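Peer 1: Sharing coords38.pdb here; it has PDB, C-alpha atoms, pLDDT in the B column.
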ATOM      1  CA  MET A   6      80.180  24.446 -31.883  1.00 51.00           C
ATOM      2  CA  GLY A   7      79.523  27.903 -30.585  1.00 58.00           C
ATOM      3  CA  SER A   8      75.893  27.140 -30.017  1.00 76.00           C
ATOM      4  CA  TRP A   9      76.784  24.095 -27.863  1.00 74.00           C
ATOM      5  CA  GLY A  10      78.792  26.372 -25.650  1.00 76.00           C
ATOM      6  CA  THR A  11      75.655  28.323 -24.774  1.00 79.00           C
ATOM      7  CA  LEU A  12      73.107  25.531 -25.150  1.00 83.00           C
ATOM      8  CA  GLY A  13      75.073  22.883 -23.160  1.00 82.00           C
ATOM      9  CA  PRO A  14      75.071  24.685 -19.802  1.00 83.00           C
ATOM     10  CA  ALA A  15      71.370  25.521 -20.203  1.00 82.00           C
ATOM     11  CA  LEU A  16      70.512  21.859 -20.895  1.00 85.00           C
ATOM     12  CA  LEU A  17      72.660  20.666 -17.999  1.00 86.00           C
ATOM     13  CA  SER A  18      70.967  23.201 -15.705  1.00 87.00           C
ATOM     14  CA  LEU A  19      67.576  22.020 -16.891  1.00 87.00           C
ATOM     15  CA  ALA A  20      68.577  18.382 -16.296  1.00 89.00           C
ATOM     16  CA  GLY A  21      69.752  19.331 -12.781  1.00 90.00           C
ATOM     17  CA  VAL A  22      66.423  21.010 -12.041  1.00 89.00           C
ATOM     18  CA  ALA A  23      64.533  17.952 -13.327  1.00 89.00           C
ATOM     19  CA  LEU A  24      66.659  15.600 -11.205  1.00 89.00           C
ATOM     20  CA  GLY A  25      66.208  17.828  -8.170  1.00 89.00           C
ATOM     21  CA  ALA A  26      62.446  17.998  -8.646  1.00 89.00           C
ATOM     22  CA  GLY A  27      62.270  14.216  -9.133  1.00 90.00           C
ATOM     23  CA  GLY A  28      64.365  13.640  -6.011  1.00 89.00           C
ATOM     24  CA  SER A  29      62.187  16.041  -4.038  1.00 90.00           C
ATOM     25  CA  LEU A  30      58.984  14.312  -5.155  1.00 89.00           C
ATOM     26  CA  PHE A  31      60.429  10.896  -4.333  1.00 88.00           C
ATOM     27  CA  GLY A  32      61.479  12.154  -0.892  1.00 88.00           C
ATOM     28  CA  GLN A  33      57.970  13.507  -0.274  1.00 89.00           C
ATOM     29  CA  TYR A  34      56.518  10.151  -1.270  1.00 89.00           C
ATOM     30  CA  LEU A  35      58.755   8.322   1.211  1.00 88.00           C
ATOM     31  CA  VAL A  36      57.892  10.770   4.013  1.00 87.00           C
ATOM     32  CA  SER A  37      54.184  10.391   3.244  1.00 87.00           C
ATOM     33  CA  ARG A  38      54.441   6.597   3.371  1.00 87.00           C
ATOM     34  CA  ALA A  39      56.293   6.667   6.672  1.00 88.00           C
ATOM     35  CA  SER A  40      53.784   9.136   8.110  1.00 87.00           C
ATOM     36  CA  THR A  41      50.847   6.959   7.045  1.00 87.00           C
ATOM     37  CA  ARG A  42      52.486   3.908   8.577  1.00 88.00           C
ATOM     38  CA  GLN A  43      53.111   5.811  11.818  1.00 90.00           C
ATOM     39  CA  ILE A  44      49.467   6.945  11.968  1.00 89.00           C
ATOM     40  CA  ASP A  45      48.313   3.346  11.419  1.00 87.00           C
ATOM     41  CA  VAL A  46      50.543   2.154  14.262  1.00 88.00           C
ATOM     42  CA  GLN A  47      49.212   4.875  16.580  1.00 91.00           C
ATOM     43  CA  GLU A  48      45.600   4.065  15.701  1.00 90.00           C
ATOM     44  CA  SER A  49      46.196   0.361  16.321  1.00 88.00           C
ATOM     45  CA  ALA A  50      47.778   1.115  19.694  1.00 91.00           C
ATOM     46  CA  ALA A  51      44.852   3.346  20.661  1.00 92.00           C
ATOM     47  CA  HIS A  52      42.381   0.629  19.597  1.00 90.00           C
ATOM     48  CA  ARG A  53      44.249  -1.995  21.623  1.00 91.00           C
ATOM     49  CA  ALA A  54      44.264   0.243  24.699  1.00 93.00           C
ATOM     50  CA  GLU A  55      40.545   0.992  24.394  1.00 94.00           C
ATOM     51  CA  LEU A  56      39.655  -2.635  23.780  1.00 94.00           C
ATOM     52  CA  LYS A  57      41.936  -3.838  26.563  1.00 94.00           C
ATOM     53  CA  GLY A  58      40.109  -1.584  29.033  1.00 94.00           C
ATOM     54  CA  ALA A  59      36.724  -2.852  27.882  1.00 95.00           C
ATOM     55  CA  VAL A  60      37.866  -6.488  28.008  1.00 95.00           C
ATOM     56  CA  LEU A  61      39.343  -6.139  31.496  1.00 95.00           C
ATOM     57  CA  LYS A  62      36.161  -4.472  32.766  1.00 95.00           C
ATOM     58  CA  PHE A  63      34.056  -7.234  31.188  1.00 95.00           C
ATOM     59  CA  LEU A  64      36.237  -9.975  32.686  1.00 94.00           C
ATOM     60  CA  GLY A  65      36.133  -8.376  36.129  1.00 94.00           C
ATOM     61  CA  LEU A  66      32.364  -8.276  36.021  1.00 94.00           C
ATOM     62  CA  ALA A  67      32.191 -11.810  34.607  1.00 93.00           C
ATOM     63  CA  SER A  68      34.205 -13.050  37.567  1.00 92.00           C
ATOM     64  CA  ARG A  69      31.942 -11.237  40.015  1.00 92.00           C
ATOM     65  CA  VAL A  70      28.813 -12.632  38.311  1.00 91.00           C
ATOM     66  CA  GLU A  71      30.239 -16.153  38.516  1.00 88.00           C
ATOM     67  CA  LYS A  72      30.959 -15.750  42.223  1.00 88.00           C
ATOM     68  CA  ALA A  73      27.513 -14.283  42.872  1.00 86.00           C
ATOM     69  CA  ALA A  74      25.886 -17.171  40.984  1.00 83.00           C
ATOM     70  CA  ALA A  75      27.893 -19.692  43.017  1.00 80.00           C
ATOM     71  CA  LEU A  76      26.861 -17.983  46.256  1.00 79.00           C
ATOM     72  CA  ALA A  77      23.205 -17.945  45.195  1.00 74.00           C
ATOM     73  CA  ARG A  78      23.315 -21.668  44.345  1.00 74.00           C
ATOM     74  CA  SER A  79      24.960 -22.567  47.625  1.00 73.00           C
ATOM     75  CA  GLY A  80      22.258 -20.637  49.484  1.00 69.00           C
ATOM     76  CA  SER A  81      24.753 -18.743  51.636  1.00 60.00           C
ATOM     77  CA  GLY A  82      24.013 -15.385  50.032  1.00 52.00           C
ATOM     78  CA  GLY A  83      20.416 -15.030  51.106  1.00 52.00           C
ATOM     79  CA  GLY A  84      17.896 -12.738  49.417  1.00 52.00           C
ATOM     80  CA  THR A  85      20.310  -9.853  48.926  1.00 52.00           C
ATOM     81  CA  ALA A  86      22.584 -12.022  46.794  1.00 55.00           C
ATOM     82  CA  GLY A  87      19.867 -12.290  44.134  1.00 62.00           C
ATOM     83  CA  ALA A  88      19.451  -8.510  43.936  1.00 70.00           C
ATOM     84  CA  GLY A  89      23.217  -8.065  43.854  1.00 77.00           C
ATOM     85  CA  ALA A  90      23.506 -10.646  41.083  1.00 80.00           C
ATOM     86  CA  GLU A  91      20.871  -8.821  39.022  1.00 86.00           C
ATOM     87  CA  GLN A  92      22.822  -5.571  39.394  1.00 91.00           C
ATOM     88  CA  LEU A  93      26.034  -7.343  38.357  1.00 91.00           C
ATOM     89  CA  VAL A  94      24.334  -8.899  35.329  1.00 92.00           C
ATOM     90  CA  ASP A  95      23.106  -5.444  34.277  1.00 93.00           C
ATOM     91  CA  GLU A  96      26.667  -4.113  34.589  1.00 95.00           C
ATOM     92  CA  LEU A  97      27.953  -7.149  32.675  1.00 95.00           C
ATOM     93  CA  TRP A  98      25.604  -6.391  29.764  1.00 95.00           C
ATOM     94  CA  LEU A  99      26.800  -2.772  29.738  1.00 96.00           C
ATOM     95  CA  ALA A 100      30.412  -3.982  29.642  1.00 95.00           C
ATOM     96  CA  GLN A 101      29.472  -6.328  26.795  1.00 95.00           C
ATOM     97  CA  ALA A 102      27.991  -3.338  24.950  1.00 95.00           C
ATOM     98  CA  GLU A 103      31.313  -1.497  25.407  1.00 95.00           C
ATOM     99  CA  ILE A 104      33.062  -4.410  23.741  1.00 95.00           C
ATOM    100  CA  ASP A 105      30.483  -4.280  20.938  1.00 94.00           C
ATOM    101  CA  LEU A 106      31.391  -0.648  20.347  1.00 93.00           C
ATOM    102  CA  ALA A 107      35.164  -1.084  20.605  1.00 93.00           C
ATOM    103  CA  ALA A 108      35.589  -4.387  18.758  1.00 93.00           C
ATOM    104  CA  ARG A 109      36.604  -4.462  15.127  1.00 91.00           C
ATOM    105  CA  SER A 110      35.608  -8.074  14.548  1.00 91.00           C
ATOM    106  CA  GLU A 111      32.268  -9.792  14.618  1.00 94.00           C
ATOM    107  CA  ALA A 112      33.969 -12.811  16.184  1.00 94.00           C
ATOM    108  CA  LEU A 113      34.749 -10.831  19.346  1.00 95.00           C
ATOM    109  CA  ARG A 114      31.268  -9.344  19.507  1.00 95.00           C
ATOM    110  CA  GLY A 115      29.710 -12.802  19.211  1.00 95.00           C
ATOM    111  CA  ALA A 116      32.061 -14.413  21.741  1.00 95.00           C
ATOM    112  CA  ALA A 117      31.390 -11.651  24.285  1.00 96.00           C
ATOM    113  CA  TYR A 118      27.648 -11.989  23.786  1.00 96.00           C
ATOM    114  CA  ARG A 119      27.651 -15.777  24.146  1.00 95.00           C
ATOM    115  CA  TYR A 120      29.825 -15.624  27.279  1.00 95.00           C
ATOM    116  CA  ALA A 121      27.654 -12.890  28.839  1.00 95.00           C
ATOM    117  CA  ALA A 122      24.441 -14.759  27.998  1.00 93.00           C
ATOM    118  CA  ARG A 123      25.716 -17.939  29.651  1.00 93.00           C
ATOM    119  CA  LEU A 124      26.829 -16.005  32.729  1.00 92.00           C
ATOM    120  CA  ALA A 125      23.425 -14.300  32.916  1.00 92.00           C
ATOM    121  CA  GLU A 126      21.741 -17.714  32.797  1.00 90.00           C
ATOM    122  CA  ALA A 127      24.000 -18.935  35.590  1.00 87.00           C
ATOM    123  CA  ALA A 128      23.213 -15.849  37.680  1.00 86.00           C
ATOM    124  CA  GLY A 129      19.507 -16.479  37.060  1.00 82.00           C
ATOM    125  CA  GLY A 130      19.746 -19.755  38.925  1.00 77.00           C
ATOM    126  CA  GLU A 131      20.543 -22.215  36.143  1.00 77.00           C
ATOM    127  CA  ALA A 132      23.382 -24.522  37.139  1.00 73.00           C
ATOM    128  CA  PRO A 133      26.195 -23.818  34.678  1.00 69.00           C
ATOM    129  CA  ASP A 134      28.280 -26.473  33.008  1.00 77.00           C
ATOM    130  CA  ALA A 135      31.759 -25.428  34.118  1.00 80.00           C
ATOM    131  CA  THR A 136      33.394 -26.921  31.035  1.00 85.00           C
ATOM    132  CA  ALA A 137      31.048 -25.065  28.678  1.00 86.00           C
ATOM    133  CA  LEU A 138      31.602 -21.844  30.618  1.00 89.00           C
ATOM    134  CA  ARG A 139      35.391 -22.233  30.371  1.00 90.00           C
ATOM    135  CA  GLY A 140      35.053 -22.984  26.662  1.00 92.00           C
ATOM    136  CA  LEU A 141      33.092 -19.765  26.134  1.00 93.00           C
ATOM    137  CA  GLN A 142      35.662 -17.879  28.183  1.00 93.00           C
ATOM    138  CA  ALA A 143      38.511 -19.330  26.091  1.00 93.00           C
ATOM    139  CA  ALA A 144      36.688 -18.441  22.864  1.00 94.00           C
ATOM    140  CA  PHE A 145      36.259 -14.905  24.193  1.00 95.00           C
ATOM    141  CA  PHE A 146      39.968 -14.633  25.061  1.00 92.00           C
ATOM    142  CA  ASP A 147      40.976 -15.939  21.641  1.00 93.00           C
ATOM    143  CA  ALA A 148      38.634 -13.530  19.846  1.00 93.00           C
ATOM    144  CA  ALA A 149      39.885 -10.600  21.951  1.00 93.00           C
ATOM    145  CA  ASP A 150      43.495 -11.513  21.177  1.00 92.00           C
ATOM    146  CA  ASP A 151      42.733 -11.780  17.460  1.00 91.00           C
ATOM    147  CA  ASP A 152      40.959  -8.409  17.496  1.00 91.00           C
ATOM    148  CA  MET A 153      43.814  -6.674  19.328  1.00 90.00           C
ATOM    149  CA  TRP A 154      46.580  -8.298  17.281  1.00 86.00           C
ATOM    150  CA  PRO A 155      45.159  -9.017  13.815  1.00 83.00           C
ATOM    151  CA  GLY A 156      47.312 -11.183  11.604  1.00 78.00           C
ATOM    152  CA  ARG A 157      49.564 -12.329  14.426  1.00 78.00           C
ATOM    153  CA  ARG A 158      50.147 -16.053  14.482  1.00 73.00           C
ATOM    154  CA  ARG A 159      49.719 -17.582  17.894  1.00 67.00           C
ATOM    155  CA  VAL A 160      52.044 -20.260  19.176  1.00 67.00           C
ATOM    156  CA  ALA A 161      50.446 -23.644  19.778  1.00 57.00           C
ATOM    157  CA  GLY A 162      49.459 -23.931  23.418  1.00 55.00           C
ATOM    158  CA  ASP A 163      49.154 -20.143  23.748  1.00 55.00           C
ATOM    159  CA  SER A 164      45.506 -20.338  24.740  1.00 52.00           C
ATOM    160  CA  VAL A 165      43.601 -19.786  27.933  1.00 47.00           C
ATOM    161  CA  THR A 166      42.424 -23.396  27.953  1.00 44.00           C
ATOM    162  CA  SER A 167      45.965 -24.754  27.980  1.00 42.00           C
ATOM    163  CA  ARG A 168      47.011 -22.996  31.161  1.00 38.00           C
TER     164      ARG A 168
END
Written as structure tokens, how would this file's structure read?
Peer 2:
Amino acid sequence: MGSWGTLGPALLSLAGVALGAGGSLFGQYLVSRASTRQIDVQESAAHRAELKGAVLKFLGLASRVEKAAALARSGSGGGTAGAGAEQLVDELWLAQAEIDLAARSEALRGAAYRYAARLAEAAGGEAPDATALRGLQAAFFDAADDDMWPGRRRVAGDSVTSR
């Protein structure tokens, strides 16, 4: 029994050290997980902000190209409208390239390309089908939303075409 008197406290101390080390490691694991999650959230927010800027620039130019194409078709723009439309189409393709660089999904890249190509055709003098153009625009909006908010379920009727 005398040996338990000296061995007992040593074993209890050792058990305390082991529990403390285990608790410390578990705490570090939890902190690491939370830190990783926080970094993921920050990266997603930065991606959304970058993509939002590119999308808004693209949409602004798309609107200007549409208006320039309508003016050119109506004949009220004159010869300078054609040169202005060409400049806008060039800017539109650069904005589309920005989306290509910022987008995470191929769906968004493809939707932006198809929408830009149709707008470029319209600016080139081809009479656009307004329904097809709105369909491409809606597909672009949907793809942009999916790229910015992956995994988020959209409510039925929460589309550009239903407005």
Peer 1: Find the nearest atom pair between each residue of range 37-92 of chain A and range 125-140 of chain A for residues within 7 Å, count only C-alpha atoms, give distances in Å to one decimal, sort rows by chain and ascending number, and present the table as a Markdown table.
Peer 2:
| residue | atom | partner | partner_atom | distance |
| --- | --- | --- | --- | --- |
| A:Val70 | CA | A:Ala128 | CA | 6.5 |
| A:Ala73 | CA | A:Ala128 | CA | 6.9 |
| A:Ala74 | CA | A:Ala128 | CA | 4.5 |
| A:Arg78 | CA | A:Gly130 | CA | 6.8 |
| A:Ala90 | CA | A:Ala128 | CA | 6.2 |
Peer 1: Quick one: write out the picked residues with C-alpha atoms as a compact mmCIF listing (two decimals), keeping the file's coordinate frame?
Peer 2:
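Everything below was put into result23.txt:
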# COMPACT_ATOMS: atom_id res chain seq x y z
CA VAL A 70 28.81 -12.63 38.31
CA ALA A 73 27.51 -14.28 42.87
CA ALA A 74 25.89 -17.17 40.98
CA ARG A 78 23.32 -21.67 44.34
CA ALA A 90 23.51 -10.65 41.08
Peer 1: A:Ala39, A:Ala26, A:Ala117, A:Leu76: which is nearest Val60 in chain A, counting only C-alpha atoms?
Peer 2: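 Of the candidates, the smallest distance to Val60 in chain A is held by A:Ala117.
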Peer 1: What is the CA of Phe145 in chain A to CA of Glu71 in chain A distance in Å?
Peer 2: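 A separation of 15.6 Å between them.
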Peer 1: Considering all atoms listed in the file, return as a list in words whatever protein or nucleic-acid residues lie within 10 Å of Glu111 in chain A, sequence-local ones (same chain, fewer than 5 positions apart) excluded.
Peer 2: Asp105, Ala116, Ala117, Ala148 and Asp152 of chain A
Peer 1: What does the structure give for the distance between CA of Val46 in chain A and CA of Trp154 in chain A, in Å to one decimal?
Peer 2: 11.6 Å
Peer 1: Find the residues with any atom within 10 Å of (35.6, -5.0, 29.9); use all atoms listed in the file and the coordinates as given in the file, and write the answer as a PyMOL selection string.
Peer 2: chain A and resi 55-67+97+99-104+117
Peer 1: Just give me the gap between CA of Leu93 in chain A and CA of Tyr118 in chain A in Å, one decimal is fine.
Peer 2: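 Calculated distance between CA of Leu93 in chain A and CA of Tyr118 in chain A is 15.4 Å.
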Peer 1: Using all atoms listed in the file for the distances, tell me which of A:Ala75, A:Ala122, A:Ala51, A:Leu16 is nearest to Met153 in chain A.
Peer 2: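 Using all atoms listed in the file, the shortest distance to Met153 in chain A belongs to A:Ala51.
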Peer 1: Between A:Gln92, A:Gln142, A:Thr11, A:Ser68, which residue has the minimum interatomic distance to Gly115 in chain A, considering all atoms listed in the file?
Peer 2: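 Nearest candidate to Gly115 in chain A out of A:Gln92, A:Gln142, A:Thr11, A:Ser68: A:Gln142.
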Peer 1: Rebuild range 108-133 of chain A so that it carries N, CA and C atoms, then output the result as a compact mmCIF listing (two decimals), keeping the file's coordinate frame.
Peer 2:
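Dumped everything to rebuild_15.txt:
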# COMPACT_ATOMS: atom_id res chain seq x y z
N ALA A 108 35.05 -3.27 19.54
CA ALA A 108 35.59 -4.39 18.76
C ALA A 108 35.55 -4.09 17.27
N ARG A 109 36.55 -4.57 16.58
CA ARG A 109 36.60 -4.46 15.13
C ARG A 109 36.03 -5.70 14.45
N SER A 110 36.02 -6.82 15.18
CA SER A 110 35.61 -8.07 14.55
C SER A 110 34.28 -8.56 15.10
N GLU A 111 33.55 -9.19 14.22
CA GLU A 111 32.27 -9.79 14.62
C GLU A 111 32.51 -10.99 15.52
N ALA A 112 33.65 -11.65 15.35
CA ALA A 112 33.97 -12.81 16.18
C ALA A 112 34.04 -12.42 17.65
N LEU A 113 34.65 -11.29 17.96
CA LEU A 113 34.75 -10.83 19.35
C LEU A 113 33.38 -10.43 19.88
N ARG A 114 32.61 -9.74 19.07
CA ARG A 114 31.27 -9.34 19.51
C ARG A 114 30.43 -10.58 19.86
N GLY A 115 30.47 -11.58 18.98
CA GLY A 115 29.71 -12.80 19.21
C GLY A 115 30.19 -13.57 20.43
N ALA A 116 31.50 -13.68 20.60
CA ALA A 116 32.06 -14.41 21.74
C ALA A 116 31.69 -13.72 23.05
N ALA A 117 31.75 -12.40 23.07
CA ALA A 117 31.39 -11.65 24.28
C ALA A 117 29.91 -11.85 24.60
N TYR A 118 29.09 -11.81 23.57
CA TYR A 118 27.65 -11.99 23.79
C TYR A 118 27.34 -13.39 24.33
N ARG A 119 27.92 -14.41 23.71
CA ARG A 119 27.65 -15.78 24.15
C ARG A 119 28.12 -16.01 25.58
N TYR A 120 29.29 -15.47 25.92
CA TYR A 120 29.82 -15.62 27.28
C TYR A 120 28.93 -14.88 28.27
N ALA A 121 28.52 -13.66 27.94
CA ALA A 121 27.65 -12.89 28.84
C ALA A 121 26.29 -13.57 29.00
N ALA A 122 25.75 -14.09 27.92
CA ALA A 122 24.44 -14.76 28.00
C ALA A 122 24.51 -15.98 28.91
N ARG A 123 25.57 -16.75 28.80
CA ARG A 123 25.72 -17.94 29.65
C ARG A 123 25.90 -17.55 31.10
N LEU A 124 26.66 -16.48 31.36
CA LEU A 124 26.83 -16.00 32.73
C LEU A 124 25.51 -15.49 33.30
N ALA A 125 24.73 -14.81 32.47
CA ALA A 125 23.42 -14.30 32.92
C ALA A 125 22.50 -15.46 33.27
N GLU A 126 22.54 -16.53 32.48
CA GLU A 126 21.74 -17.71 32.80
C GLU A 126 22.17 -18.32 34.13
N ALA A 127 23.49 -18.38 34.33
CA ALA A 127 24.00 -18.93 35.59
C ALA A 127 23.58 -18.07 36.77
N ALA A 128 23.61 -16.76 36.60
CA ALA A 128 23.21 -15.85 37.68
C ALA A 128 21.72 -15.93 37.93
N GLY A 129 20.95 -16.33 36.92
CA GLY A 129 19.51 -16.48 37.06
C GLY A 129 19.11 -17.75 37.79
N GLY A 130 20.05 -18.56 38.16
CA GLY A 130 19.75 -19.76 38.92
C GLY A 130 20.00 -21.05 38.20
N GLU A 131 20.26 -21.00 36.90
CA GLU A 131 20.54 -22.22 36.14
C GLU A 131 21.95 -22.69 36.48
N ALA A 132 22.07 -23.97 36.81
CA ALA A 132 23.38 -24.52 37.14
C ALA A 132 24.24 -24.57 35.88
N PRO A 133 25.37 -23.86 35.89
CA PRO A 133 26.20 -23.82 34.68
C PRO A 133 27.07 -25.05 34.53
